[in-house]
file my_file-v5.cif (mmCIF, C-alpha atoms (C1' of nucleotides))
data_entry
#
loop_
_atom_site.label_atom_id
_atom_site.label_comp_id
_atom_site.auth_asym_id
_atom_site.auth_seq_id
_atom_site.Cartn_x
_atom_site.Cartn_y
_atom_site.Cartn_z
CA MET I 1 36.52 13.52 2.37
CA LYS I 2 33.40 13.02 0.26
CA ASN I 3 33.89 16.41 -1.36
CA LYS I 4 37.19 15.33 -2.79
CA ASP I 5 35.56 12.34 -4.39
CA VAL I 6 32.70 14.23 -5.96
CA GLN I 7 35.06 16.88 -7.26
CA GLU I 8 37.40 14.29 -8.69
CA MET I 9 34.48 12.56 -10.33
CA ARG I 10 33.34 15.83 -11.82
CA MET I 11 36.77 16.44 -13.29
CA LYS I 12 36.92 12.94 -14.66
CA ASN I 13 33.56 13.48 -16.27
CA TYR I 14 34.70 16.64 -18.02
CA PHE I 15 37.38 14.63 -19.75
CA ILE I 16 35.16 11.65 -20.38
CA GLN I 17 32.48 13.86 -21.86
CA ALA I 18 34.98 15.57 -24.14
CA THR I 19 36.36 12.23 -25.24
CA LYS I 20 32.92 10.87 -25.96
CA GLU I 21 32.07 13.85 -28.13
CA ILE I 22 35.21 13.45 -30.21
CA LEU I 23 34.73 9.69 -30.47
CA LYS I 24 31.21 10.08 -31.77
CA SER I 25 31.82 12.91 -34.17
CA GLU I 26 35.35 12.50 -35.45
CA GLY I 27 36.40 8.99 -34.50
CA ILE I 28 39.11 7.55 -32.33
CA LYS I 29 42.03 8.66 -34.45
CA HIS I 30 41.15 12.24 -33.59
CA VAL I 31 41.16 11.56 -29.87
CA SER I 32 44.45 12.91 -28.65
CA VAL I 33 45.45 14.12 -25.24
CA ARG I 34 45.58 17.63 -26.66
CA SER I 35 42.23 17.58 -28.44
CA VAL I 36 40.48 16.16 -25.40
CA ALA I 37 42.04 18.71 -23.07
CA ASP I 38 41.09 21.50 -25.48
CA ARG I 39 37.47 20.48 -25.45
CA ALA I 40 37.45 19.90 -21.72
CA GLY I 41 38.86 23.38 -21.18
CA TYR I 42 42.11 22.31 -19.56
CA SER I 43 45.70 22.17 -20.55
CA TYR I 44 47.10 18.93 -21.90
CA THR I 45 48.69 16.77 -19.19
CA THR I 46 46.04 17.81 -16.70
CA MET I 47 44.36 14.60 -17.76
CA TYR I 48 47.24 12.65 -16.29
CA ASN I 49 46.17 13.76 -12.82
CA TYR I 50 42.95 11.83 -13.23
CA PHE I 51 43.73 8.99 -15.59
CA LYS I 52 46.62 6.62 -15.89
CA ASP I 53 47.01 7.37 -19.58
CA LEU I 54 44.98 8.15 -22.68
CA ASN I 55 43.87 4.56 -23.12
CA ASP I 56 42.53 4.54 -19.60
CA LEU I 57 40.45 7.62 -20.31
CA VAL I 58 39.14 6.29 -23.60
CA PHE I 59 37.92 3.07 -22.10
CA TYR I 60 35.98 4.90 -19.43
CA CYS I 61 33.62 5.80 -22.25
CA VAL I 62 32.68 2.23 -23.03
CA GLU I 63 30.07 1.76 -20.34
CA ASP I 64 28.33 5.01 -21.30
CA PHE I 65 28.22 4.06 -24.94
CA PHE I 66 26.91 0.62 -24.13
CA ASN I 67 23.99 2.18 -22.27
CA GLU I 68 23.38 4.53 -25.17
CA CYS I 69 23.40 1.60 -27.54
CA LYS I 70 20.92 -0.24 -25.36
CA VAL I 71 18.52 2.70 -25.24
CA PHE I 72 18.98 3.28 -28.97
CA SER I 73 18.02 -0.33 -29.66
CA GLU I 74 15.03 -0.27 -27.31
CA GLU I 75 13.63 2.78 -29.05
CA LYS I 76 13.60 1.07 -32.43
CA ILE I 77 11.37 -1.77 -31.33
CA THR I 78 8.68 -0.21 -29.20
CA ASN I 79 5.24 -1.37 -30.25
CA THR I 80 6.68 -4.44 -31.92
CA PRO I 81 4.99 -7.65 -30.80
CA ASN I 82 7.22 -10.00 -28.87
CA GLY I 83 8.77 -12.92 -30.67
CA ILE I 84 11.57 -13.86 -32.98
CA GLU I 85 10.89 -10.96 -35.32
CA LYS I 86 11.35 -8.54 -32.45
CA LEU I 87 14.59 -10.25 -31.52
CA LYS I 88 15.83 -9.85 -35.08
CA LEU I 89 14.78 -6.21 -35.21
CA LYS I 90 16.71 -5.55 -32.05
CA VAL I 91 19.81 -7.16 -33.45
CA LEU I 92 19.41 -4.94 -36.50
CA ALA I 93 19.02 -1.91 -34.27
CA TYR I 94 22.19 -2.85 -32.42
CA ALA I 95 24.05 -3.01 -35.70
CA ASN I 96 22.60 0.29 -36.81
CA TYR I 97 23.90 2.01 -33.72
CA PHE I 98 27.44 1.28 -34.84
CA ILE I 99 26.67 2.34 -38.38
CA GLU I 100 25.47 5.65 -37.05
CA TYR I 101 28.59 5.96 -34.90
CA PRO I 102 31.43 4.08 -36.59
CA GLY I 103 33.91 5.53 -34.15
CA ILE I 104 32.23 3.59 -31.39
CA PHE I 105 32.59 0.37 -33.33
CA ASP I 106 36.30 1.09 -33.59
CA LEU I 107 36.46 1.72 -29.87
CA PHE I 108 34.52 -1.40 -28.98
CA PHE I 109 36.00 -3.94 -31.33
CA LEU I 110 39.12 -2.66 -33.00
CA GLU I 111 40.97 -0.79 -30.32
CA ARG I 112 43.38 -2.78 -28.26
CA MET I 113 43.31 -1.97 -24.56
CA GLY I 114 46.71 -1.82 -22.91
CA ASP I 115 46.54 -3.92 -19.80
CA LEU I 116 43.94 -6.61 -20.01
CA GLN I 117 43.82 -7.78 -16.42
CA GLN I 118 42.26 -4.78 -14.67
CA LYS I 119 40.03 -4.13 -17.66
CA GLN I 120 38.30 -7.49 -17.66
CA SER I 121 34.95 -5.89 -16.89
CA THR I 122 35.29 -3.61 -19.89
CA VAL I 123 36.27 -6.51 -22.11
CA ASP I 124 33.21 -8.42 -20.97
CA SER I 125 30.98 -5.40 -21.40
CA ILE I 126 31.97 -5.28 -25.03
CA SER I 127 32.09 -8.97 -25.76
CA LEU I 128 28.64 -9.54 -24.34
CA SER I 129 27.12 -6.25 -25.46
CA LEU I 130 24.84 -7.76 -28.08
CA ASP I 131 23.71 -10.49 -25.74
CA ARG I 132 22.98 -7.96 -23.04
CA VAL I 133 21.09 -5.65 -25.36
CA CYS I 134 18.93 -8.53 -26.57
CA ASP I 135 18.62 -10.34 -23.26
CA ASP I 136 14.87 -9.75 -22.83
CA GLU I 137 14.10 -10.87 -26.35
CA TRP I 138 16.12 -14.05 -26.05
CA SER I 139 14.42 -14.82 -22.76
CA TYR I 140 10.96 -14.28 -24.19
CA CYS I 141 11.60 -16.55 -27.15
CA LEU I 142 13.02 -19.23 -24.90
CA ASP I 143 10.22 -19.02 -22.34
CA HIS I 144 7.61 -19.32 -25.07
CA ASN I 145 9.37 -22.15 -26.83
CA LEU I 146 9.87 -20.17 -30.01
CA LEU I 147 13.43 -21.41 -30.32
CA LYS I 148 13.67 -25.15 -30.69
CA PHE I 149 17.40 -25.41 -30.16
CA ASP I 150 19.10 -27.31 -27.40
CA ASN I 151 22.22 -25.22 -27.93
CA VAL I 152 21.01 -21.67 -27.51
CA GLU I 153 24.39 -20.38 -26.48
CA LEU I 154 25.82 -21.55 -29.77
CA ILE I 155 23.07 -19.73 -31.63
CA LYS I 156 23.69 -16.58 -29.65
CA SER I 157 27.36 -16.79 -30.48
CA GLN I 158 26.58 -17.30 -34.11
CA VAL I 159 24.49 -14.14 -34.17
CA ARG I 160 27.22 -12.27 -32.32
CA TYR I 161 29.96 -13.33 -34.71
CA VAL I 162 27.90 -12.74 -37.82
CA VAL I 163 26.83 -9.27 -36.74
CA THR I 164 30.32 -8.24 -35.71
CA GLY I 165 31.94 -9.77 -38.75
CA LEU I 166 29.50 -8.14 -41.11
CA LEU I 167 29.94 -4.78 -39.41
CA LEU I 168 33.69 -5.16 -39.66
CA PHE I 169 33.51 -5.77 -43.40
CA TYR I 170 31.01 -3.01 -43.99
CA LEU I 171 32.71 -0.33 -41.91
CA ASN I 172 36.30 -1.20 -42.61
CA ARG I 173 36.36 -2.96 -45.95
CA ILE I 174 33.43 -1.40 -47.74
CA THR I 175 31.57 -4.60 -48.56
CA PRO I 176 28.72 -4.43 -49.09
CA THR I 177 29.01 -1.02 -50.67
CA THR I 178 25.69 0.47 -49.67
CA TYR I 179 23.71 0.72 -46.50
CA VAL I 180 20.66 -0.81 -48.09
CA VAL I 181 22.51 -3.92 -49.17
CA PHE I 182 24.09 -4.18 -45.75
CA GLN I 183 20.65 -4.13 -44.19
CA GLN I 184 19.36 -6.81 -46.56
CA ARG I 185 22.43 -8.92 -46.06
CA LEU I 186 22.21 -8.83 -42.29
CA LYS I 187 18.53 -9.70 -42.41
CA ALA I 188 19.24 -12.65 -44.67
CA GLN I 189 21.99 -13.88 -42.38
CA LEU I 190 19.71 -13.67 -39.38
CA ASP I 191 16.96 -15.53 -41.20
CA LEU I 192 19.45 -18.27 -41.91
CA ILE I 193 20.28 -18.62 -38.22
CA LEU I 194 16.77 -18.09 -36.89
CA PRO I 195 14.26 -19.40 -39.45
CA GLY I 196 10.60 -18.70 -39.02
CA MET D 1 63.83 1.10 -70.48
CA LYS D 2 63.15 -2.35 -69.04
CA ASN D 3 66.21 -2.07 -66.80
CA LYS D 4 64.70 0.82 -64.95
CA ASP D 5 61.62 -1.21 -64.26
CA VAL D 6 63.39 -4.29 -62.99
CA GLN D 7 65.63 -2.17 -60.79
CA GLU D 8 62.72 -0.25 -59.40
CA MET D 9 60.91 -3.49 -58.69
CA ARG D 10 63.95 -4.84 -56.89
CA MET D 11 64.07 -1.79 -54.68
CA LYS D 12 60.40 -2.00 -53.98
CA ASN D 13 60.85 -5.60 -53.01
CA TYR D 14 63.57 -4.78 -50.51
CA PHE D 15 61.13 -2.56 -48.68
CA ILE D 16 58.22 -4.93 -49.07
CA GLN D 17 60.31 -7.81 -47.75
CA ALA D 18 61.41 -5.79 -44.75
CA THR D 19 57.85 -4.73 -44.05
CA LYS D 20 56.59 -8.29 -44.30
CA GLU D 21 59.18 -9.48 -41.80
CA ILE D 22 58.21 -6.85 -39.27
CA LEU D 23 54.50 -7.45 -39.82
CA LYS D 24 54.85 -11.16 -39.18
CA SER D 25 57.15 -10.98 -36.21
CA GLU D 26 56.30 -7.79 -34.37
CA GLY D 27 52.97 -6.65 -35.76
CA ILE D 28 51.79 -3.60 -37.59
CA LYS D 29 52.31 -1.14 -34.77
CA HIS D 30 56.04 -1.74 -35.09
CA VAL D 31 56.05 -1.00 -38.78
CA SER D 32 57.40 2.51 -39.05
CA VAL D 33 59.16 4.21 -41.92
CA ARG D 34 62.35 4.12 -39.85
CA SER D 35 62.15 0.46 -38.81
CA VAL D 36 61.42 -0.66 -42.35
CA ALA D 37 64.25 1.41 -43.79
CA ASP D 38 66.62 0.05 -41.15
CA ARG D 39 65.83 -3.50 -42.08
CA ALA D 40 65.94 -2.78 -45.80
CA GLY D 41 69.36 -1.22 -45.39
CA TYR D 42 68.42 2.26 -46.49
CA SER D 43 67.90 5.57 -44.86
CA TYR D 44 64.41 6.60 -43.90
CA THR D 45 62.67 8.65 -46.60
CA THR D 46 64.30 6.60 -49.32
CA MET D 47 61.06 4.67 -49.21
CA TYR D 48 59.24 7.76 -50.44
CA ASN D 49 61.02 7.46 -53.77
CA TYR D 50 59.22 4.16 -54.37
CA PHE D 51 55.97 4.38 -52.48
CA LYS D 52 53.40 7.10 -52.07
CA ASP D 53 53.46 6.74 -48.32
CA LEU D 54 53.79 4.13 -45.60
CA ASN D 55 50.25 2.86 -46.07
CA ASP D 56 50.94 2.28 -49.72
CA LEU D 57 53.96 0.17 -48.86
CA VAL D 58 52.16 -1.81 -46.21
CA PHE D 59 49.33 -2.80 -48.51
CA TYR D 60 51.73 -4.09 -51.10
CA CYS D 61 52.25 -6.97 -48.69
CA VAL D 62 48.67 -8.15 -48.82
CA GLU D 63 48.89 -10.20 -52.00
CA ASP D 64 52.00 -12.00 -50.77
CA PHE D 65 50.41 -12.86 -47.48
CA PHE D 66 47.29 -14.07 -49.18
CA ASN D 67 49.35 -16.52 -51.21
CA GLU D 68 51.17 -17.65 -48.08
CA CYS D 69 47.85 -18.17 -46.37
CA LYS D 70 46.60 -20.23 -49.28
CA VAL D 71 49.67 -22.47 -49.25
CA PHE D 72 49.51 -22.75 -45.48
CA SER D 73 45.91 -23.92 -45.70
CA GLU D 74 46.59 -26.39 -48.50
CA GLU D 75 49.36 -28.02 -46.49
CA LYS D 76 47.06 -28.76 -43.58
CA ILE D 77 44.61 -30.80 -45.60
CA THR D 78 46.73 -32.96 -47.85
CA ASN D 79 45.59 -36.60 -47.71
CA THR D 80 42.22 -35.58 -46.41
CA PRO D 81 39.36 -37.13 -48.41
CA ASN D 82 37.28 -34.62 -50.32
CA GLY D 83 33.98 -33.51 -48.87
CA ILE D 84 32.43 -31.26 -46.32
CA GLU D 85 34.89 -32.30 -43.61
CA LYS D 86 37.75 -31.23 -45.83
CA LEU D 87 36.05 -27.92 -46.44
CA LYS D 88 35.69 -27.37 -42.73
CA LEU D 89 39.30 -28.32 -42.09
CA LYS D 90 40.42 -25.81 -44.66
CA VAL D 91 38.38 -23.08 -43.03
CA LEU D 92 40.01 -24.00 -39.74
CA ALA D 93 43.43 -23.89 -41.36
CA TYR D 94 42.65 -20.44 -42.75
CA ALA D 95 41.76 -19.26 -39.27
CA ASN D 96 44.88 -20.80 -37.82
CA TYR D 97 47.05 -18.89 -40.23
CA PHE D 98 45.92 -15.65 -38.62
CA ILE D 99 46.34 -17.07 -35.16
CA GLU D 100 49.91 -17.90 -36.00
CA TYR D 101 50.42 -14.41 -37.45
CA PRO D 102 48.08 -12.02 -35.66
CA GLY D 103 49.80 -9.06 -37.26
CA ILE D 104 48.51 -10.21 -40.61
CA PHE D 105 44.96 -10.34 -39.29
CA ASP D 106 45.40 -6.74 -38.19
CA LEU D 107 46.68 -5.82 -41.62
CA PHE D 108 43.90 -7.62 -43.45
CA PHE D 109 40.89 -6.71 -41.40
CA LEU D 110 41.65 -3.95 -38.94
CA GLU D 111 43.87 -1.56 -40.81
CA ARG D 112 42.12 1.14 -42.75
CA MET D 113 43.59 1.84 -46.16
CA GLY D 114 43.83 5.47 -47.08
CA ASP D 115 42.40 5.87 -50.53
CA LEU D 116 39.88 3.25 -51.36
CA GLN D 117 39.43 3.79 -55.08
CA GLN D 118 42.80 2.69 -56.45
CA LYS D 119 43.02 -0.07 -53.86
CA GLN D 120 39.82 -1.84 -54.84
CA SER D 121 41.74 -4.95 -55.88
CA THR D 122 43.39 -5.13 -52.47
CA VAL D 123 40.06 -4.69 -50.73
CA ASP D 124 38.61 -7.52 -52.78
CA SER D 125 41.63 -9.70 -52.20
CA ILE D 126 41.01 -9.44 -48.50
CA SER D 127 37.25 -9.59 -48.50
CA LEU D 128 37.19 -12.71 -50.62
CA SER D 129 40.31 -14.32 -49.18
CA LEU D 130 38.48 -17.11 -47.38
CA ASP D 131 36.32 -17.86 -50.38
CA ARG D 132 39.34 -17.96 -52.63
CA VAL D 133 41.29 -20.20 -50.29
CA CYS D 134 38.39 -22.65 -50.08
CA ASP D 135 37.26 -22.36 -53.67
CA ASP D 136 38.14 -25.94 -54.68
CA GLU D 137 36.44 -27.41 -51.65
CA TRP D 138 33.24 -25.46 -52.18
CA SER D 139 33.21 -26.50 -55.83
CA TYR D 140 33.72 -30.17 -54.97
CA CYS D 141 30.89 -30.17 -52.46
CA LEU D 142 28.58 -28.43 -54.91
CA ASP D 143 29.47 -30.66 -57.83
CA HIS D 144 28.84 -33.76 -55.74
CA ASN D 145 25.60 -32.46 -54.27
CA LEU D 146 26.92 -32.52 -50.74
CA LEU D 147 25.41 -29.11 -50.02
CA LYS D 148 21.67 -29.07 -50.33
CA PHE D 149 21.26 -25.31 -50.20
CA ASP D 150 19.81 -23.17 -52.92
CA ASN D 151 21.57 -20.13 -51.43
CA VAL D 152 25.21 -21.14 -51.36
CA GLU D 153 26.45 -17.59 -51.50
CA LEU D 154 24.58 -16.85 -48.29
CA ILE D 155 26.20 -19.85 -46.65
CA LYS D 156 29.61 -18.80 -47.82
CA SER D 157 29.03 -15.35 -46.39
CA GLN D 158 27.90 -16.82 -43.12
CA VAL D 159 31.12 -18.80 -42.86
CA ARG D 160 33.12 -15.73 -43.74
CA TYR D 161 31.46 -13.54 -41.15
CA VAL D 162 31.60 -16.15 -38.41
CA VAL D 163 35.27 -16.89 -38.97
CA THR D 164 36.24 -13.24 -39.12
CA GLY D 165 34.07 -12.30 -36.17
CA LEU D 166 35.39 -15.11 -34.03
CA LEU D 167 38.96 -14.25 -34.94
CA LEU D 168 38.31 -10.64 -34.07
CA PHE D 169 37.04 -11.58 -30.63
CA TYR D 170 39.80 -14.06 -29.98
CA LEU D 171 42.70 -11.96 -31.17
CA ASN D 172 41.51 -8.59 -29.95
CA ARG D 173 39.19 -9.25 -27.08
CA ILE D 174 40.53 -12.44 -25.59
CA THR D 175 37.35 -14.45 -25.79
CA PRO D 176 37.60 -17.36 -25.78
CA THR D 177 40.61 -17.30 -23.51
CA THR D 178 42.49 -20.30 -24.83
CA TYR D 179 43.43 -21.60 -28.22
CA VAL D 180 41.84 -24.96 -27.53
CA VAL D 181 38.48 -23.43 -26.75
CA PHE D 182 38.76 -21.22 -29.81
CA GLN D 183 39.30 -24.28 -31.95
CA GLN D 184 36.31 -26.08 -30.43
CA ARG D 185 34.15 -23.01 -30.75
CA LEU D 186 34.95 -22.49 -34.40
CA LYS D 187 34.29 -26.16 -35.13
CA ALA D 188 30.95 -25.95 -33.38
CA GLN D 189 29.96 -22.81 -35.29
CA LEU D 190 30.89 -24.45 -38.57
CA ASP D 191 28.90 -27.56 -37.72
CA LEU D 192 25.93 -25.31 -37.14
CA ILE D 193 26.21 -23.87 -40.64
CA LEU D 194 27.22 -27.04 -42.41
CA PRO D 195 25.65 -30.02 -40.66
CA GLY D 196 26.61 -33.54 -41.54
"C1'" DT S 1 47.69 34.87 7.24
"C1'" DT S 2 50.94 31.56 6.39
"C1'" DG S 3 52.65 27.02 5.25
"C1'" DA S 4 51.62 22.59 3.36
"C1'" DA S 5 49.14 19.78 0.26
"C1'" DA S 6 46.78 19.25 -3.92
"C1'" DT S 7 46.26 20.47 -8.55
"C1'" DA S 8 47.16 22.68 -12.94
"C1'" DT S 9 50.49 24.29 -16.41
"C1'" DT S 10 54.67 24.75 -18.89
"C1'" DA S 11 58.83 22.74 -20.61
"C1'" DA S 12 61.00 19.07 -22.48
"C1'" DC S 13 61.69 14.33 -24.83
"C1'" DA S 14 61.40 10.70 -27.78
"C1'" DA S 15 58.98 8.67 -31.59
"C1'" DT S 16 56.09 9.20 -35.45
"C1'" DG S 17 55.05 10.50 -40.74
"C1'" DT S 18 56.19 13.56 -44.23
"C1'" DT S 19 58.37 17.43 -47.23
"C1'" DA S 20 62.13 20.23 -48.85
"C1'" DA S 21 66.92 20.87 -49.52
"C1'" DT S 22 71.26 18.78 -50.37
"C1'" DT S 23 74.55 15.42 -51.57
"C1'" DA S 24 75.98 11.39 -54.08
"C1'" DT S 25 75.53 8.42 -57.99
"C1'" DA S 26 74.46 7.11 -62.81
"C1'" DT S 27 73.56 8.25 -67.37
"C1'" DT S 28 73.87 10.77 -71.41
"C1'" DT S 29 76.16 13.69 -74.48
"C1'" DG S 30 79.83 16.66 -76.56
"C1'" DC F 1 87.09 10.37 -71.79
"C1'" DA F 2 85.13 14.44 -69.53
"C1'" DA F 3 81.41 17.50 -68.61
"C1'" DA F 4 76.49 18.20 -68.11
"C1'" DT F 5 72.40 16.39 -66.65
"C1'" DA F 6 69.13 13.44 -64.70
"C1'" DT F 7 68.24 10.11 -60.95
"C1'" DA F 8 68.43 8.48 -56.56
"C1'" DA F 9 69.68 8.62 -51.64
"C1'" DT F 10 70.49 11.12 -47.46
"C1'" DT F 11 70.27 14.72 -44.19
"C1'" DA F 12 67.75 18.43 -42.14
"C1'" DA F 13 63.68 20.11 -40.62
"C1'" DC F 14 58.59 20.19 -39.09
"C1'" DA F 15 54.45 19.15 -37.15
"C1'" DT F 16 52.03 15.73 -34.17
"C1'" DT F 17 51.83 12.33 -31.11
"C1'" DG F 18 52.06 10.37 -25.82
"C1'" DT F 19 54.30 10.94 -21.64
"C1'" DT F 20 57.40 12.58 -17.60
"C1'" DA F 21 59.63 16.01 -14.76
"C1'" DA F 22 59.80 20.55 -13.18
"C1'" DT F 23 57.40 24.49 -12.01
"C1'" DA F 24 53.57 27.53 -10.92
"C1'" DT F 25 49.15 28.11 -8.94
"C1'" DT F 26 45.32 27.25 -6.11
"C1'" DT F 27 43.10 25.33 -1.88
"C1'" DC F 28 42.65 24.79 2.80
"C1'" DA F 29 43.76 23.91 7.60
"C1'" DA F 30 46.63 25.68 11.61
#

call {"tool": "encode", "arguments": {"input": "my_file-v5.cif", "output": "structure tokens"}}
result
Amino acid sequence: MKNKDVQEMRMKNYFIQATKEILKSEGIKHVSVRSVADRAGYSYTTMYNYFKDLNDLVFYCVEDFFNECKVFSEEKITNTPNGIEKLKLKVLAYANYFIEYPGIFDLFFLERMGDLQQKQSTVDSISLSLDRVCDDEWSYCLDHNLLKFDNVELIKSQVRYVVTGLLLFYLNRITPTTYVVFQQRLKAQLDLILPG
Amino acid sequence: MKNKDVQEMRMKNYFIQATKEILKSEGIKHVSVRSVADRAGYSYTTMYNYFKDLNDLVFYCVEDFFNECKVFSEEKITNTPNGIEKLKLKVLAYANYFIEYPGIFDLFFLERMGDLQQKQSTVDSISLSLDRVCDDEWSYCLDHNLLKFDNVELIKSQVRYVVTGLLLFYLNRITPTTYVVFQQRLKAQLDLILPG
DNA sequence: TTGAAATATTAACAATGTTAATTATATTTG
DNA sequence: CAAATATAATTAACATTGTTAATATTTCAA
């Protein structure tokens, strides 16, 4: 019954693809079971044959977006010499991904997922997304003794919380008011955590 | 026509009070025009005679909650000697207010307010809430040269972003998993910013 | 080809926010 | 005080939402 599986996966992907498009262009509040079905070319409620509910479908998009975000961040730092500066640039790139696609920030950090037990992998994917995107850069800096901290995990957390907090304020509360100031602010915060 | 005004304000307060109760106990997703009206003792749509829409009503609660949060934080640090430790304790108290009332965190930081021009004061109220709650403590530390930074505003921001980011992860993404670890984590992050 | 299984669609519900129409209440005026 | 008018509250009605149950359609093996 391998055919069944590949067909089912294809169907799932139609819906996931449609959902991703709406998420990126219009944001999560425009993702409805009707709008997704429209774009996927099926009637509403067909989705329920392949996903438990709308939340289930939406969170299938997370892994895809994480990979996109990772690639997006890689692209911004090619030809940059390794070191702390590269690490910072990658953190900035990570932040800029969500500024380009605010709907994905909402999905990642603001949306509450219904049942939290079966979705632990998704939760982790999101929670550790920055760390995972910057894994190579952290490793390089550590291996070459560029970070003289005994508590690297604490530093990583600090970066994570600052980036997410700043994004939250910027995207949801309009402070700072302009993109340029946001960029400066984030850089300054990173310099405070990682001097040199 | 002062009577009109005081009567209108009383009516508004009935709805605001009802909304606040639901926000604190059940969270923002249970705030509906029907549930509020029920609790206020009026029919649904009566609200529309006093507020532009539901969002308008909901954001009338912000100032009240901010004051509550301020009082809540003051209470936790009475009899604590002035200084950096007191500042940190107050930041912790601020965070704990939102842990006690997660619905208010949602309202403050997650909810998007419709029109952002007329609501600038509300936006500021929220964005600067931590700074305002801790204003006395920051001033004391500065006046007594306990903070040897030239860039205090940057430090304040860092605290703000870390606290908000950590709360976002804890309340929405279940990391860390327990309240105790959250408390430790926040303390550790604060110690990183404000050593001594 | 026909009957059973899988899959898609339509119909229907309850809950939401909001507007328009209608009723009840208060206020002003003759 | 009574009638006219303005104000305020309620009911009715709509459009959208997510979701379930009932049907219709397609697929596929016997």

call {"tool": "closest_atom_pairs", "arguments": {"input": "my_file-v5.cif", "of": "chain I", "to": "chain S", "cutoff": "9 Å", "atoms": "all atoms listed in the file", "output": "CSV"}}
result
residue,atom,partner,partner_atom,distance
I:Tyr42,CA,S:DA8,C1',8.3
I:Ser43,CA,S:DT9,C1',6.7
I:Tyr44,CA,S:DT9,C1',8.4
I:Thr45,CA,S:DT9,C1',8.2
I:Thr46,CA,S:DA8,C1',6.3
I:Asn49,CA,S:DT7,C1',8.0

call {"tool": "axis_aligned_box", "arguments": {"input": "my_file-v5.cif", "around": "stretch 143-147 of chain I", "padding_each_side": "4 Å", "output": "JSON"}}
result
{"center_x": 10.5, "center_y": -20.6, "center_z": -26.3, "size_x": 13.8, "size_y": 11.1, "size_z": 16.0}

call {"tool": "resolve_selection", "arguments": {"input": "my_file-v5.cif", "expression": "the PyMOL selection byres ((chain I) within 6 of (chain D))", "output": "PyMOL selection string"}}
result
chain I and resi 161-162+164-166

call {"tool": "residues_around", "arguments": {"input": "my_file-v5.cif", "residues": "stretch 27-33 of chain D", "least_positions_apart": "3", "cutoff": "10 Å", "atoms": "only C-alpha atoms (C1' of nucleotides)", "output": "PDB file with C-alpha atoms (C1' of nucleotides), in the frame of the given file"}}
result
ATOM      1  CA  PHE D  15      61.130  -2.560 -48.680  1.00  0.00           C
ATOM      2  CA  ALA D  18      61.410  -5.790 -44.750  1.00  0.00           C
ATOM      3  CA  THR D  19      57.850  -4.730 -44.050  1.00  0.00           C
ATOM      4  CA  LYS D  20      56.590  -8.290 -44.300  1.00  0.00           C
ATOM      5  CA  GLU D  21      59.180  -9.480 -41.800  1.00  0.00           C
ATOM      6  CA  ILE D  22      58.210  -6.850 -39.270  1.00  0.00           C
ATOM      7  CA  LEU D  23      54.500  -7.450 -39.820  1.00  0.00           C
ATOM      8  CA  LYS D  24      54.850 -11.160 -39.180  1.00  0.00           C
ATOM      9  CA  VAL D  36      61.420  -0.660 -42.350  1.00  0.00           C
ATOM     10  CA  ALA D  37      64.250   1.410 -43.790  1.00  0.00           C
ATOM     11  CA  ASP D  38      66.620   0.050 -41.150  1.00  0.00           C
ATOM     12  CA  SER D  43      67.900   5.570 -44.860  1.00  0.00           C
ATOM     13  CA  TYR D  44      64.410   6.600 -43.900  1.00  0.00           C
ATOM     14  CA  THR D  45      62.670   8.650 -46.600  1.00  0.00           C
ATOM     15  CA  THR D  46      64.300   6.600 -49.320  1.00  0.00           C
ATOM     16  CA  MET D  47      61.060   4.670 -49.210  1.00  0.00           C
ATOM     17  CA  TYR D  48      59.240   7.760 -50.440  1.00  0.00           C
ATOM     18  CA  ASP D  53      53.460   6.740 -48.320  1.00  0.00           C
ATOM     19  CA  LEU D  54      53.790   4.130 -45.600  1.00  0.00           C
ATOM     20  CA  ASN D  55      50.250   2.860 -46.070  1.00  0.00           C
ATOM     21  CA  LEU D  57      53.960   0.170 -48.860  1.00  0.00           C
ATOM     22  CA  VAL D  58      52.160  -1.810 -46.210  1.00  0.00           C
ATOM     23  CA  TYR D 101      50.420 -14.410 -37.450  1.00  0.00           C
ATOM     24  CA  PRO D 102      48.080 -12.020 -35.660  1.00  0.00           C
ATOM     25  CA  GLY D 103      49.800  -9.060 -37.260  1.00  0.00           C
ATOM     26  CA  ILE D 104      48.510 -10.210 -40.610  1.00  0.00           C
ATOM     27  CA  PHE D 105      44.960 -10.340 -39.290  1.00  0.00           C
ATOM     28  CA  ASP D 106      45.400  -6.740 -38.190  1.00  0.00           C
ATOM     29  CA  LEU D 107      46.680  -5.820 -41.620  1.00  0.00           C
ATOM     30  CA  GLU D 111      43.870  -1.560 -40.810  1.00  0.00           C
TER      31      GLU D 111
ATOM     32  C1'  DA S  15      58.980   8.670 -31.590  1.00  0.00           C
ATOM     33  C1'  DT S  16      56.090   9.200 -35.450  1.00  0.00           C
ATOM     34  C1'  DG S  17      55.050  10.500 -40.740  1.00  0.00           C
TER      35       DG S  17
END

call {"tool": "atom_distance", "arguments": {"input": "my_file-v5.cif", "atom1": "atom CA of D:Lys90", "atom2": "atom CA of I:Pro176"}}
result
24.8 Å

call {"tool": "atom_distance", "arguments": {"input": "my_file-v5.cif", "atom1": "atom CA of I:Thr177", "atom2": "atom CA of D:Val62"}}
result
21.0 Å

call {"tool": "resolve_selection", "arguments": {"input": "my_file-v5.cif", "expression": "the PyMOL selection byres ((chain I and resi 12) around 10)", "output": "JSON, numbers by chain"}}
result
{"I": [6, 7, 8, 9, 10, 11, 13, 14, 15, 16, 17, 40, 47, 49, 50, 51, 57, 60]}

call {"tool": "resolve_selection", "arguments": {"input": "my_file-v5.cif", "expression": "the PyMOL selection byres ((chain I and resi 88) around 9)", "output": "number ranges by chain"}}
result
I: 83-87, 89-93, 137, 187, 190-191, 194
